[in-house]
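Participant: Below is the file final_37.cif, with mmCIF, C-alpha atoms and all ligand atoms.
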```cif
data_target
loop_
_atom_site.label_atom_id
_atom_site.label_comp_id
_atom_site.auth_asym_id
_atom_site.auth_seq_id
_atom_site.Cartn_x
_atom_site.Cartn_y
_atom_site.Cartn_z
CA MET X 53 -27.48 12.59 48.68
CA ALA X 54 -24.49 14.96 48.64
CA ARG X 55 -25.13 18.18 46.74
CA LYS X 56 -22.97 19.00 43.72
CA THR X 57 -20.30 21.65 44.22
CA ALA X 58 -20.32 24.79 42.05
CA GLU X 59 -17.39 23.34 40.11
CA GLN X 60 -19.23 20.09 39.40
CA ARG X 61 -22.34 21.99 38.31
CA GLU X 62 -20.23 24.07 35.94
CA ALA X 63 -18.62 20.90 34.47
CA VAL X 64 -22.03 19.28 33.89
CA LYS X 65 -23.32 22.48 32.24
CA LYS X 66 -20.28 22.55 29.97
CA MET X 67 -20.72 18.90 28.98
CA ARG X 68 -24.37 19.55 28.11
CA GLU X 69 -23.37 22.50 25.93
CA ILE X 70 -20.73 20.40 24.16
CA ALA X 71 -23.23 17.55 23.62
CA LYS X 72 -25.77 19.99 22.15
CA SER X 73 -23.30 21.54 19.73
CA ASN X 74 -21.92 18.05 18.80
CA LYS X 75 -25.42 16.85 18.00
CA ALA X 76 -25.95 19.65 15.47
CA VAL X 77 -22.56 19.08 13.79
CA MET X 78 -22.96 15.28 13.67
CA LYS X 79 -26.44 15.61 12.18
CA LYS X 80 -25.05 17.81 9.40
CA TYR X 81 -22.35 15.24 8.49
CA GLU X 82 -24.69 12.23 8.75
CA THR X 83 -27.31 13.89 6.51
CA GLU X 84 -24.62 14.58 3.94
CA LYS X 85 -23.42 10.93 4.11
CA LYS X 86 -26.94 9.53 3.67
CA ARG X 87 -27.71 11.50 0.50
CA LYS X 88 -29.10 9.25 -2.21
CA ASN X 89 -28.45 9.31 -5.98
CA VAL X 90 -25.26 11.35 -5.67
CA PRO X 91 -24.06 12.01 -9.25
CA ALA X 92 -20.63 10.47 -10.00
CA SER X 93 -19.40 13.89 -11.13
CA GLU X 94 -19.51 14.98 -7.45
CA TYR X 95 -16.85 12.49 -6.38
CA GLN X 96 -14.83 12.01 -9.55
CA THR X 97 -11.47 13.71 -9.35
CA THR X 98 -7.96 13.79 -10.85
CA MET X 99 -4.81 12.37 -9.28
CA LYS X 100 -2.01 14.89 -8.73
CA ASN X 101 0.37 12.16 -9.85
CA PRO X 102 -1.11 9.33 -11.98
CA ASN X 103 1.63 6.99 -10.69
CA ASN X 104 0.06 7.08 -7.23
CA ILE X 105 -2.65 4.66 -6.18
CA LEU X 106 -3.71 6.88 -3.26
CA GLU X 107 -3.23 10.53 -2.33
CA ILE X 108 -4.38 11.67 1.12
CA ASP X 109 -4.58 15.43 1.20
CA ASN X 110 -5.09 17.55 4.34
CA LEU X 111 -7.21 14.83 5.98
CA HIS X 112 -9.01 15.75 9.21
CA THR X 113 -10.93 13.05 11.12
CA TYR X 114 -12.51 14.11 14.41
CA PHE X 115 -14.55 12.42 17.14
CA TYR X 116 -17.27 14.56 18.70
CA THR X 117 -17.29 13.40 22.34
CA ASP X 118 -18.92 14.86 25.47
CA MET X 119 -15.44 15.87 26.66
CA GLY X 120 -14.83 17.86 23.46
CA ILE X 121 -13.53 17.27 19.94
CA VAL X 122 -10.84 14.56 19.68
CA ARG X 123 -8.65 15.65 16.76
CA SER X 124 -7.40 12.15 15.89
CA VAL X 125 -6.22 13.00 12.37
CA ASN X 126 -5.37 16.63 12.04
CA GLY X 127 -4.19 17.58 8.55
CA VAL X 128 -2.50 14.47 7.18
CA ASN X 129 -0.90 14.17 3.70
CA ILE X 130 0.28 10.79 2.44
CA GLU X 131 1.01 9.55 -1.09
CA ILE X 132 1.11 5.85 -1.91
CA PRO X 133 2.81 5.09 -5.24
CA GLN X 134 1.48 2.15 -7.31
CA GLY X 135 3.07 -1.16 -6.33
CA LYS X 136 5.00 0.29 -3.36
CA THR X 137 4.84 -0.29 0.39
CA VAL X 138 4.38 2.74 2.62
CA ALA X 139 4.78 2.25 6.37
CA LEU X 140 2.89 4.43 8.82
CA VAL X 141 4.61 4.52 12.21
CA GLY X 142 4.12 6.31 15.51
CA GLU X 143 3.25 5.80 19.17
CA SER X 144 -0.04 4.37 20.35
CA GLY X 145 -2.91 6.82 19.90
CA CYS X 146 -1.21 8.97 17.23
CA GLY X 147 -3.98 8.32 14.68
CA LYS X 148 -2.67 5.44 12.53
CA SER X 149 -5.81 3.30 12.70
CA VAL X 150 -8.15 6.27 12.32
CA THR X 151 -6.24 7.23 9.15
CA SER X 152 -6.68 3.70 7.74
CA LEU X 153 -10.36 3.58 8.72
CA SER X 154 -10.84 6.94 7.00
CA ILE X 155 -9.45 5.45 3.75
CA MET X 156 -12.01 2.64 3.97
CA LYS X 157 -14.70 5.12 5.10
CA LEU X 158 -15.23 2.95 8.16
CA VAL X 159 -14.84 5.59 10.88
CA ARG X 160 -17.71 4.93 13.24
CA GLY X 161 -20.34 7.68 13.10
CA PRO X 162 -22.10 9.64 14.23
CA SER X 163 -19.33 10.68 16.64
CA GLY X 164 -16.46 9.96 14.19
CA GLN X 165 -16.45 12.13 11.06
CA ILE X 166 -14.08 13.10 8.27
CA THR X 167 -14.42 16.86 8.55
CA ASN X 168 -12.00 18.03 5.87
CA GLY X 169 -9.59 16.91 3.17
CA GLU X 170 -9.48 14.57 0.19
CA ILE X 171 -8.56 10.90 -0.24
CA ARG X 172 -7.96 10.48 -3.97
CA TYR X 173 -8.02 6.87 -5.11
CA ASN X 174 -6.76 5.96 -8.58
CA ARG X 175 -9.62 3.67 -9.51
CA PRO X 176 -9.27 1.62 -12.71
CA GLY X 177 -12.24 3.45 -14.29
CA GLY X 178 -11.08 6.92 -13.18
CA ALA X 179 -9.93 8.61 -9.95
CA ILE X 180 -12.43 9.29 -7.15
CA ASP X 181 -12.37 11.23 -3.90
CA ILE X 182 -13.25 8.65 -1.23
CA VAL X 183 -14.35 11.37 1.20
CA LYS X 184 -17.18 12.40 -1.14
CA THR X 185 -17.96 8.88 -2.42
CA PRO X 186 -21.37 7.55 -1.28
CA ILE X 187 -21.36 4.56 1.09
CA LYS X 188 -23.06 2.33 -1.51
CA GLU X 189 -20.24 2.94 -4.00
CA MET X 190 -17.66 2.40 -1.23
CA GLN X 191 -19.11 -1.06 -0.66
CA THR X 192 -18.00 -2.01 -4.18
CA ILE X 193 -14.46 -0.83 -3.39
CA ARG X 194 -14.00 -2.33 0.10
CA GLY X 195 -12.78 -5.91 -0.01
CA ASN X 196 -12.75 -5.71 -3.81
CA GLU X 197 -10.20 -3.10 -4.75
CA ILE X 198 -8.91 -2.12 -1.31
CA SER X 199 -8.74 -4.80 1.36
CA MET X 200 -7.72 -4.71 4.98
CA ILE X 201 -5.81 -7.09 7.25
CA PHE X 202 -6.67 -6.43 10.88
CA GLN X 203 -4.60 -6.94 14.01
CA GLU X 204 -6.68 -9.70 15.61
CA PRO X 205 -7.90 -12.31 13.10
CA MET X 206 -10.26 -13.94 15.59
CA THR X 207 -12.46 -10.82 15.57
CA SER X 208 -12.64 -10.87 11.76
CA LEU X 209 -13.27 -14.60 11.25
CA ASN X 210 -16.70 -15.99 12.03
CA PRO X 211 -16.24 -18.67 14.76
CA VAL X 212 -19.22 -20.77 13.62
CA PHE X 213 -18.22 -21.28 9.98
CA ARG X 214 -15.40 -23.42 8.62
CA ILE X 215 -12.40 -21.61 7.12
CA GLY X 216 -13.12 -22.92 3.60
CA ALA X 217 -16.73 -21.74 3.67
CA GLN X 218 -15.64 -18.24 4.72
CA ILE X 219 -13.08 -17.87 1.94
CA ASP X 220 -15.48 -19.46 -0.59
CA GLU X 221 -18.03 -16.82 0.39
CA ALA X 222 -15.53 -14.00 -0.09
CA ILE X 223 -14.59 -15.35 -3.55
CA LYS X 224 -18.25 -15.69 -4.58
CA LEU X 225 -18.89 -12.12 -3.45
CA HIS X 226 -15.85 -10.44 -4.93
CA ARG X 227 -14.87 -12.62 -7.91
CA PRO X 228 -17.82 -13.05 -10.28
CA ASP X 229 -15.33 -14.28 -12.90
CA VAL X 230 -14.68 -17.49 -10.87
CA LYS X 231 -17.13 -20.26 -11.91
CA LYS X 232 -19.21 -21.87 -9.12
CA ASP X 233 -17.44 -25.23 -9.54
CA ASP X 234 -14.01 -23.60 -9.32
CA VAL X 235 -14.58 -21.67 -6.07
CA LYS X 236 -13.16 -24.37 -3.77
CA LYS X 237 -10.15 -24.84 -6.08
CA GLN X 238 -9.50 -21.08 -5.88
CA THR X 239 -9.80 -21.12 -2.05
CA ILE X 240 -7.26 -23.95 -1.81
CA LYS X 241 -4.98 -22.01 -4.16
CA MET X 242 -5.19 -18.93 -1.92
CA LEU X 243 -4.45 -21.01 1.21
CA GLU X 244 -1.41 -22.49 -0.52
CA LEU X 245 -0.29 -19.04 -1.66
CA VAL X 246 -0.06 -17.91 1.99
CA GLY X 247 2.10 -20.93 2.82
CA ILE X 248 -0.48 -23.28 4.35
CA ALA X 249 0.81 -26.76 3.53
CA ARG X 250 -2.23 -28.85 4.46
CA ALA X 251 -4.65 -26.58 2.64
CA GLU X 252 -7.33 -29.30 2.18
CA GLY X 253 -7.29 -30.01 5.94
CA VAL X 254 -7.40 -26.34 6.93
CA TYR X 255 -10.30 -25.84 4.48
CA SER X 256 -12.52 -27.92 6.78
CA CYS X 257 -11.28 -26.48 10.10
CA PHE X 258 -13.09 -24.01 12.33
CA PRO X 259 -11.10 -20.86 13.26
CA HIS X 260 -10.59 -21.99 16.89
CA GLU X 261 -8.83 -25.15 15.64
CA LEU X 262 -5.99 -23.08 14.13
CA SER X 263 -3.06 -21.34 15.81
CA GLY X 264 -2.86 -17.51 15.84
CA GLY X 265 -0.27 -17.53 13.04
CA MET X 266 -2.41 -19.82 10.86
CA ARG X 267 -5.46 -17.63 11.43
CA GLN X 268 -3.50 -14.55 10.38
CA ARG X 269 -2.42 -16.41 7.20
CA VAL X 270 -6.08 -17.24 6.54
CA MET X 271 -6.97 -13.54 6.96
CA ILE X 272 -4.23 -12.60 4.52
CA ALA X 273 -5.54 -15.23 2.04
CA MET X 274 -9.01 -13.77 2.41
CA SER X 275 -7.81 -10.22 1.83
CA LEU X 276 -5.95 -11.33 -1.32
CA CYS X 277 -8.69 -13.41 -2.89
CA CYS X 278 -10.19 -10.44 -4.75
CA ASN X 279 -6.84 -9.36 -6.31
CA PRO X 280 -6.88 -6.00 -4.50
CA LYS X 281 -5.15 -2.94 -5.91
CA MET X 282 -4.28 -1.88 -2.39
CA ILE X 283 -3.91 -3.66 0.96
CA ILE X 284 -4.05 -1.92 4.32
CA ALA X 285 -2.37 -4.01 7.01
CA ASP X 286 -3.03 -2.52 10.47
CA GLU X 287 -0.51 -4.03 12.91
CA PRO X 288 -0.83 -7.43 11.18
CA THR X 289 1.54 -9.20 13.55
CA THR X 290 1.21 -7.64 17.01
CA ALA X 291 -1.13 -10.39 18.27
CA LEU X 292 1.42 -13.08 17.37
CA ASP X 293 4.51 -14.36 19.17
CA VAL X 294 7.90 -13.30 17.84
CA THR X 295 8.75 -16.38 15.71
CA ILE X 296 5.33 -16.41 14.08
CA GLN X 297 5.55 -12.63 13.55
CA ALA X 298 8.72 -13.18 11.55
CA GLN X 299 7.04 -15.88 9.43
CA VAL X 300 3.97 -13.74 8.68
CA LEU X 301 6.14 -10.76 7.76
CA GLU X 302 8.27 -12.95 5.54
CA LEU X 303 5.04 -14.04 3.87
CA LEU X 304 3.86 -10.45 3.35
CA ARG X 305 7.24 -9.53 1.90
CA ASP X 306 7.07 -12.52 -0.43
CA LEU X 307 3.53 -11.74 -1.51
CA LYS X 308 4.41 -8.13 -2.15
CA ASP X 309 6.52 -9.25 -5.11
CA LYS X 310 3.97 -11.80 -6.35
CA ILE X 311 0.82 -9.68 -6.29
CA ASP X 312 1.07 -6.32 -7.94
CA ALA X 313 -0.58 -4.40 -5.06
CA SER X 314 0.37 -1.33 -3.06
CA ILE X 315 0.55 -1.79 0.71
CA LEU X 316 -0.09 0.62 3.56
CA LEU X 317 1.60 -1.07 6.50
CA ILE X 318 0.76 0.26 9.95
CA THR X 319 3.14 -0.76 12.68
CA HIS X 320 4.93 0.17 15.89
CA ASP X 321 7.87 -1.94 14.84
CA LEU X 322 10.66 -0.04 13.11
CA GLY X 323 12.49 -3.30 12.35
CA VAL X 324 9.54 -4.37 10.20
CA VAL X 325 9.57 -1.02 8.44
CA ALA X 326 13.25 -1.19 7.59
CA GLU X 327 12.79 -4.61 6.02
CA MET X 328 9.55 -4.11 4.16
CA ALA X 329 8.78 -0.52 3.32
CA ASP X 330 9.82 1.62 0.37
CA TYR X 331 8.59 4.78 2.10
CA VAL X 332 8.04 5.73 5.75
CA VAL X 333 5.55 8.19 7.21
CA VAL X 334 6.06 9.15 10.87
CA MET X 335 2.94 10.34 12.65
CA TYR X 336 2.69 12.19 15.95
CA ALA X 337 -0.52 13.40 17.65
CA GLY X 338 -2.58 13.26 14.46
CA ARG X 339 -0.03 14.96 12.20
CA ILE X 340 2.84 13.85 9.96
CA VAL X 341 6.18 14.95 11.37
CA GLU X 342 8.52 13.27 8.88
CA GLN X 343 8.27 11.27 5.67
CA GLY X 344 10.58 9.98 2.99
CA THR X 345 12.11 6.87 1.47
CA SER X 346 12.77 4.35 4.22
CA HIS X 347 16.46 4.41 3.34
CA GLU X 348 16.62 8.19 3.84
CA VAL X 349 14.51 8.28 7.04
CA PHE X 350 16.51 5.48 8.70
CA LEU X 351 19.93 6.67 7.63
CA ASN X 352 19.28 10.34 8.01
CA PRO X 353 16.38 10.94 10.45
CA LYS X 354 15.74 14.64 11.07
CA HIS X 355 12.75 15.15 13.32
CA PRO X 356 13.64 14.82 17.03
CA TYR X 357 10.67 12.44 17.43
CA THR X 358 11.89 10.12 14.64
CA ILE X 359 15.39 10.22 16.13
CA GLY X 360 13.88 9.22 19.52
CA LEU X 361 11.87 6.39 17.94
CA ILE X 362 14.94 4.97 16.21
CA LYS X 363 16.98 5.32 19.40
CA SER X 364 14.38 3.39 21.37
CA LYS X 365 14.61 0.38 19.07
CA PRO X 366 16.76 -2.48 20.42
CA VAL X 367 19.84 -3.30 18.31
CA VAL X 368 21.12 -6.86 17.88
CA ASN X 369 24.55 -7.48 19.48
CA GLN X 370 24.45 -4.16 21.35
CA VAL X 371 24.32 -4.49 25.12
CA VAL X 372 22.66 -1.58 26.94
CA ASP X 373 21.76 -1.11 30.63
CA ARG X 374 18.39 0.29 29.79
CA LEU X 375 16.53 0.79 26.53
CA TYR X 376 15.97 4.47 25.63
CA SER X 377 12.41 5.75 25.86
CA ILE X 378 11.18 9.18 24.78
CA PRO X 379 10.34 11.12 27.97
CA GLY X 380 6.83 12.48 28.59
CA SER X 381 3.62 11.63 26.79
CA VAL X 382 1.52 12.65 23.80
CA PRO X 383 -0.61 15.81 24.32
CA ASN X 384 -4.33 15.44 25.03
CA PRO X 385 -6.02 15.30 21.58
CA VAL X 386 -8.93 17.38 22.91
CA HIS X 387 -6.70 20.27 24.02
CA LEU X 388 -3.88 20.43 21.50
CA PRO X 389 -1.44 23.33 21.96
CA ASN X 390 -0.87 25.96 19.27
CA HIS X 391 2.85 25.27 19.14
CA CYS X 392 4.74 22.15 17.99
CA TYR X 393 2.95 19.18 19.58
CA PHE X 394 6.30 17.57 20.45
CA LYS X 395 7.70 20.62 22.25
CA ASP X 396 7.24 19.39 25.83
CA ARG X 397 9.21 16.21 25.05
CA CYS X 398 11.83 17.66 22.73
CA ASP X 399 15.45 18.11 23.81
CA LYS X 400 16.15 20.42 20.85
CA ALA X 401 13.33 22.91 21.46
CA ASP X 402 14.29 26.59 21.41
CA GLY X 403 12.50 29.98 21.30
CA ARG X 404 11.21 29.34 17.77
CA CYS X 405 9.19 26.38 19.00
CA ASN X 406 6.89 28.44 21.25
CA SER X 407 4.56 29.58 18.52
CA GLY X 408 3.06 28.07 15.39
CA ILE X 409 2.74 24.45 14.38
CA PRO X 410 5.59 23.63 11.98
CA GLU X 411 4.51 22.80 8.42
CA LEU X 412 5.85 19.75 6.58
CA ARG X 413 8.67 21.05 4.35
CA ASN X 414 10.74 19.40 1.64
CA ILE X 415 14.32 19.27 2.84
CA ASP X 416 15.28 17.02 -0.04
CA ASP X 417 13.57 15.54 -3.11
CA GLU X 418 11.96 12.71 -1.21
CA HIS X 419 12.35 13.79 2.40
CA LYS X 420 9.95 16.06 4.31
CA VAL X 421 10.15 17.25 7.92
CA ALA X 422 7.84 19.36 10.11
CA CYS X 423 10.23 21.05 12.55
CA HIS X 424 11.34 24.67 13.02
CA LEU X 425 14.96 23.52 12.89
CA TYR X 426 14.68 22.81 9.14
CA LYS X 427 13.82 25.16 6.34
CA GLU X 428 12.85 24.27 2.73
CA GLY X 429 15.87 22.63 1.04
CA ASN X 430 17.82 22.80 4.32
CA LYS X 431 19.40 19.40 5.01
N1 LIG N 1 -14.35 5.97 18.70
C1 LIG N 1 -13.54 6.89 19.23
N2 LIG N 1 -13.99 7.85 20.03
C2 LIG N 1 -13.17 8.80 20.54
N3 LIG N 1 -11.85 8.85 20.31
C3 LIG N 1 -11.33 7.90 19.52
C4 LIG N 1 -12.13 6.86 18.93
N4 LIG N 1 -11.31 6.05 18.18
C5 LIG N 1 -10.07 6.58 18.31
N5 LIG N 1 -10.08 7.67 19.10
C6 LIG N 1 -8.93 8.49 19.48
O1 LIG N 1 -8.22 8.84 18.31
C7 LIG N 1 -6.82 8.86 18.56
C8 LIG N 1 -6.12 8.01 17.53
O2 LIG N 1 -6.50 6.66 17.71
P1 LIG N 1 -5.95 5.48 16.80
O3 LIG N 1 -6.74 4.28 17.12
O4 LIG N 1 -5.91 5.91 15.38
O5 LIG N 1 -4.46 5.32 17.33
P2 LIG N 1 -3.30 4.36 16.78
O6 LIG N 1 -2.20 5.23 16.30
O7 LIG N 1 -3.88 3.39 15.82
O8 LIG N 1 -2.84 3.65 18.14
P3 LIG N 1 -2.41 2.11 18.40
O9 LIG N 1 -0.98 2.04 17.98
O10 LIG N 1 -2.58 1.95 19.87
O11 LIG N 1 -3.31 1.21 17.59
C9 LIG N 1 -6.62 8.38 20.00
O12 LIG N 1 -6.46 9.52 20.82
C10 LIG N 1 -7.92 7.69 20.32
O13 LIG N 1 -8.23 7.79 21.69
S1 LIG N 2 9.75 22.36 16.21
FE1 LIG N 2 10.99 22.62 18.04
S2 LIG N 2 9.93 21.45 19.61
FE2 LIG N 2 9.15 20.76 17.66
S3 LIG N 2 10.40 19.03 17.12
FE3 LIG N 2 11.36 20.79 16.15
S4 LIG N 2 12.87 21.49 17.64
FE4 LIG N 2 11.48 20.10 18.74
MG MG N 3 -4.21 1.30 15.86
#
```
So that I can check it, write out the structure of this file as structure tokens.
Facilitator:
Amino acid sequence: MARKTAEQREAVKKMREIAKSNKAVMKKYETEKKRKNVPASEYQTTMKNPNNILEIDNLHTYFYTDMGIVRSVNGVNIEIPQGKTVALVGESGCGKSVTSLSIMKLVRGPSGQITNGEIRYNRPGGAIDIVKTPIKEMQTIRGNEISMIFQEPMTSLNPVFRIGAQIDEAIKLHRPDVKKDDVKKQTIKMLELVGIARAEGVYSCFPHELSGGMRQRVMIAMSLCCNPKMIIADEPTTALDVTIQAQVLELLRDLKDKIDASILLITHDLGVVAEMADYVVVMYAGRIVEQGTSHEVFLNPKHPYTIGLIKSKPVVNQVVDRLYSIPGSVPNPVHLPNHCYFKDRCDKADGRCNSGIPELRNIDDEHKVACHLYKEGNK
């Protein structure tokens, strides 16, 4: 067998050292998570603004891998006002899903851990910090008060149970106020609410008997059956073809006005954002680079990355030889630079961009940008 070179031996040694140090850190976080009988006073908190349903403050979520620490979410701040839709956009791998999993406290341990920050949730009985909330308490929030619509419904629906039985089960679990005899009636009502015409027929179908669009409607019905205060929709339409995408989005937009819930909508699609969201948060390499009302961000984008994203979106009735794409790629999340993460792709970079990661600054009442080109109050 060929002998290892000195370089290979050094790499193996380094990986072992990383694994050893990861093990100690992960153990510390897991022990903290598994604590029993945590007094409520430890996770009760106060909202900065009582009109918000959720306030994410300086959130850090890391994965401890043998290659090093993956800084997936690296100091994120997001506010979600009650009854509003906030869209989270950004390229693949920028940390959108990890942010949403952090809110649900579903980041897979022991390698994935929330290492810093607060997620304040305006719970009906009083605000709590989700980061410090014990898992047992989180189970009463997930699917009850905060529900999630995933990208691929087939992975969330159980293939061996009929649709009706699965929604019935969710209603029994999350809606103790619904009498046993009324559960089926409520399931049919939810299926009708999401625009399924033959609700009785679909009630007795298995998931594989439905089209992708129908399955996504069923998932939406399931996520709504507990009257959630907040819905997280992570790329709810990417698995669907374009016509069905439009129908499902139309449905979400419709529902938004009917159910008084706040929505965190995660998407690649800026067209969806423009139509549905009240606020937009643009994420790049685990950080927020721009946020504001969707009107302001679309009409007056400031960060060179946001400008690039908008430029790369196709426009109806505009013929172009080639669609614009932002040159280069996202930096390696294990070895992030200590200057602006977008610098190597930015056509506006100058000497100021060589040092320091730009902080998110208010350039207007409801518009924030993290770029050296803009100072506080500087439009
Ligand atoms: N279990 C894991 N172990 C290690 N790294 C992970 C894990 N899950 C996510 N990551 C890393 O975290 C970063 C953010 O991932 P995330 O899934 O949040 O991206 P995203 O913005 O949702 O992308 P997409 O648009 O493709 O869904 C990526 O670099 C990804 O490789
Ligand atoms: S800080 Fe510099 S490199 Fe970063 S986005 Fe702004 S101009 Fe570009
Ligand atoms: Mg994702």
Participant: Which residue is closest to Ala285 (chain X)? Choose from X:Glu94, X:Glu131, X:Glu204, X:Asp233 and count only C-alpha atoms.
Facilitator: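 Nearest candidate to Ala285 (chain X) out of X:Glu94, X:Glu131, X:Glu204, X:Asp233: X:Glu204.
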Participant: All residues within 6 Å of ligand LIG 2 (chain N) are required, counting all atoms listed in the file; please report them as an MDAnalysis selection string.
Facilitator: chainID X and resid 355:356 392 394:395 398 400:401 405 423:425
Participant: Hey, can you check how far CA of Glu411 (chain X) sits from CA of Asn126 (chain X)?
Facilitator: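 Between CA of Glu411 (chain X) and CA of Asn126 (chain X) the gap works out to 12.2 Å.
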Participant: Compute the set of protein, DNA and RNA residues whose minimum atom distance to ligand LIG 1 (chain N) is at most 10 Å, using only C-alpha atoms and all ligand atoms, and state it as an MDAnalysis selection string.
Facilitator: chainID X and resid 113:125 140:154 159:164 203 286:287 290 318:320 335:338 382:386
Participant: Residues at most 8 Å from region 247-259 of chain X, counting all atoms listed in the file, excluding those fewer than 6 positions away in the same chain, as an MDAnalysis selection string?
Facilitator: chainID X and resid 206 209:217 240 266:267 269 303
Participant: Quote the spacing between CA of Asn104 (chain X) and CA of Asn352 (chain X) in Å to one decimal place.
Facilitator: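 Atom-to-atom, CA of Asn104 (chain X) to CA of Asn352 (chain X), that is 24.7 Å.
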Participant: Considering only C-alpha atoms and all ligand atoms, state which residue in the set X:Met156, X:Val90, X:Pro176, X:Pro288 is at the smallest distance from ligand MG 3 (chain N).
Facilitator: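 Looking at the shortest contact to ligand MG 3 (chain N), the residue is X:Pro288.
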Participant: Out of X:Ala273, X:Ile284, X:Ile296, X:Ile359, which residue has the shortest atom-to-atom distance to ligand MG 3 (chain N) when counting only C-alpha atoms and all ligand atoms?
Facilitator: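 Closest to ligand MG 3 (chain N) of all the choices is X:Ile284.
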Participant: What residues have an atom no more than 12 Å from (-3.5, 12.8, -9.4) in the file's own frame, counting all atoms listed in the file, and can you write them as a list in words?
Facilitator: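 Using all atoms listed in the file, the matching residues come out as Gln96, Thr97, Thr98, Met99, Lys100, Asn101, Pro102, Asn103, Asn104, Ile105, Leu106, Glu107, Ile108, Asp109, Glu131, Ile132, Pro133, Gln134, Glu170, Ile171, Arg172, Tyr173, Asn174, Arg175, Gly178, Ala179, Ile180 and Asp181 of chain X.
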Participant: Mind giving me the straight-line distance from CA of Ser346 (chain X) to CA of Val325 (chain X) in Å, one decimal?
Facilitator: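 Rounded to one decimal, the two atoms are 7.5 Å apart.
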Participant: Considering all atoms listed in the file, can you say which of X:Leu301, X:Ile362, X:Met190, X:Val349 comes closest to Tyr331 (chain X)?
Facilitator: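 Of X:Leu301, X:Ile362, X:Met190, X:Val349, the one nearest Tyr331 (chain X), counting all atoms listed in the file, is X:Val349.
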Participant: Tell me which residues come within 12 Å of (16.0, 6.9, 18.8), as a PyMOL selection string, counting only C-alpha atoms in the file's coordinates.
Facilitator: chain X and resi 322+349-367+375-379
Participant: Quick one: of X:Val128, X:Leu316, X:Asp293, X:Gly344, who's nearest to Asp417 (chain X), counting all atoms listed in the file?
Facilitator: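 Looking at the shortest contact to Asp417 (chain X), the residue is X:Gly344.
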Participant: Using all atoms listed in the file, determine which residues lie at most 10 Å from Asp309 (chain X), disregarding the query and same-chain residues fewer than 5 positions distant; provide the list as an mmCIF file with C-alpha atoms, in the frame of the given file.
Facilitator:
```cif
data_model
loop_
_atom_site.group_PDB
_atom_site.id
_atom_site.type_symbol
_atom_site.label_atom_id
_atom_site.label_comp_id
_atom_site.auth_asym_id
_atom_site.auth_seq_id
_atom_site.Cartn_x
_atom_site.Cartn_y
_atom_site.Cartn_z
ATOM 1 C CA GLY X 135 3.070 -1.160 -6.330
ATOM 2 C CA LYS X 136 5.000 0.290 -3.360
ATOM 3 C CA LEU X 304 3.860 -10.450 3.350
#
```
Participant: Considering all atoms listed in the file, state which residue in the set X:Lys56, X:Leu317, X:Gln191, X:Ile182 is at the smallest distance from ligand MG 3 (chain N).
Facilitator: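 Looking at the shortest contact to ligand MG 3 (chain N), the residue is X:Leu317.
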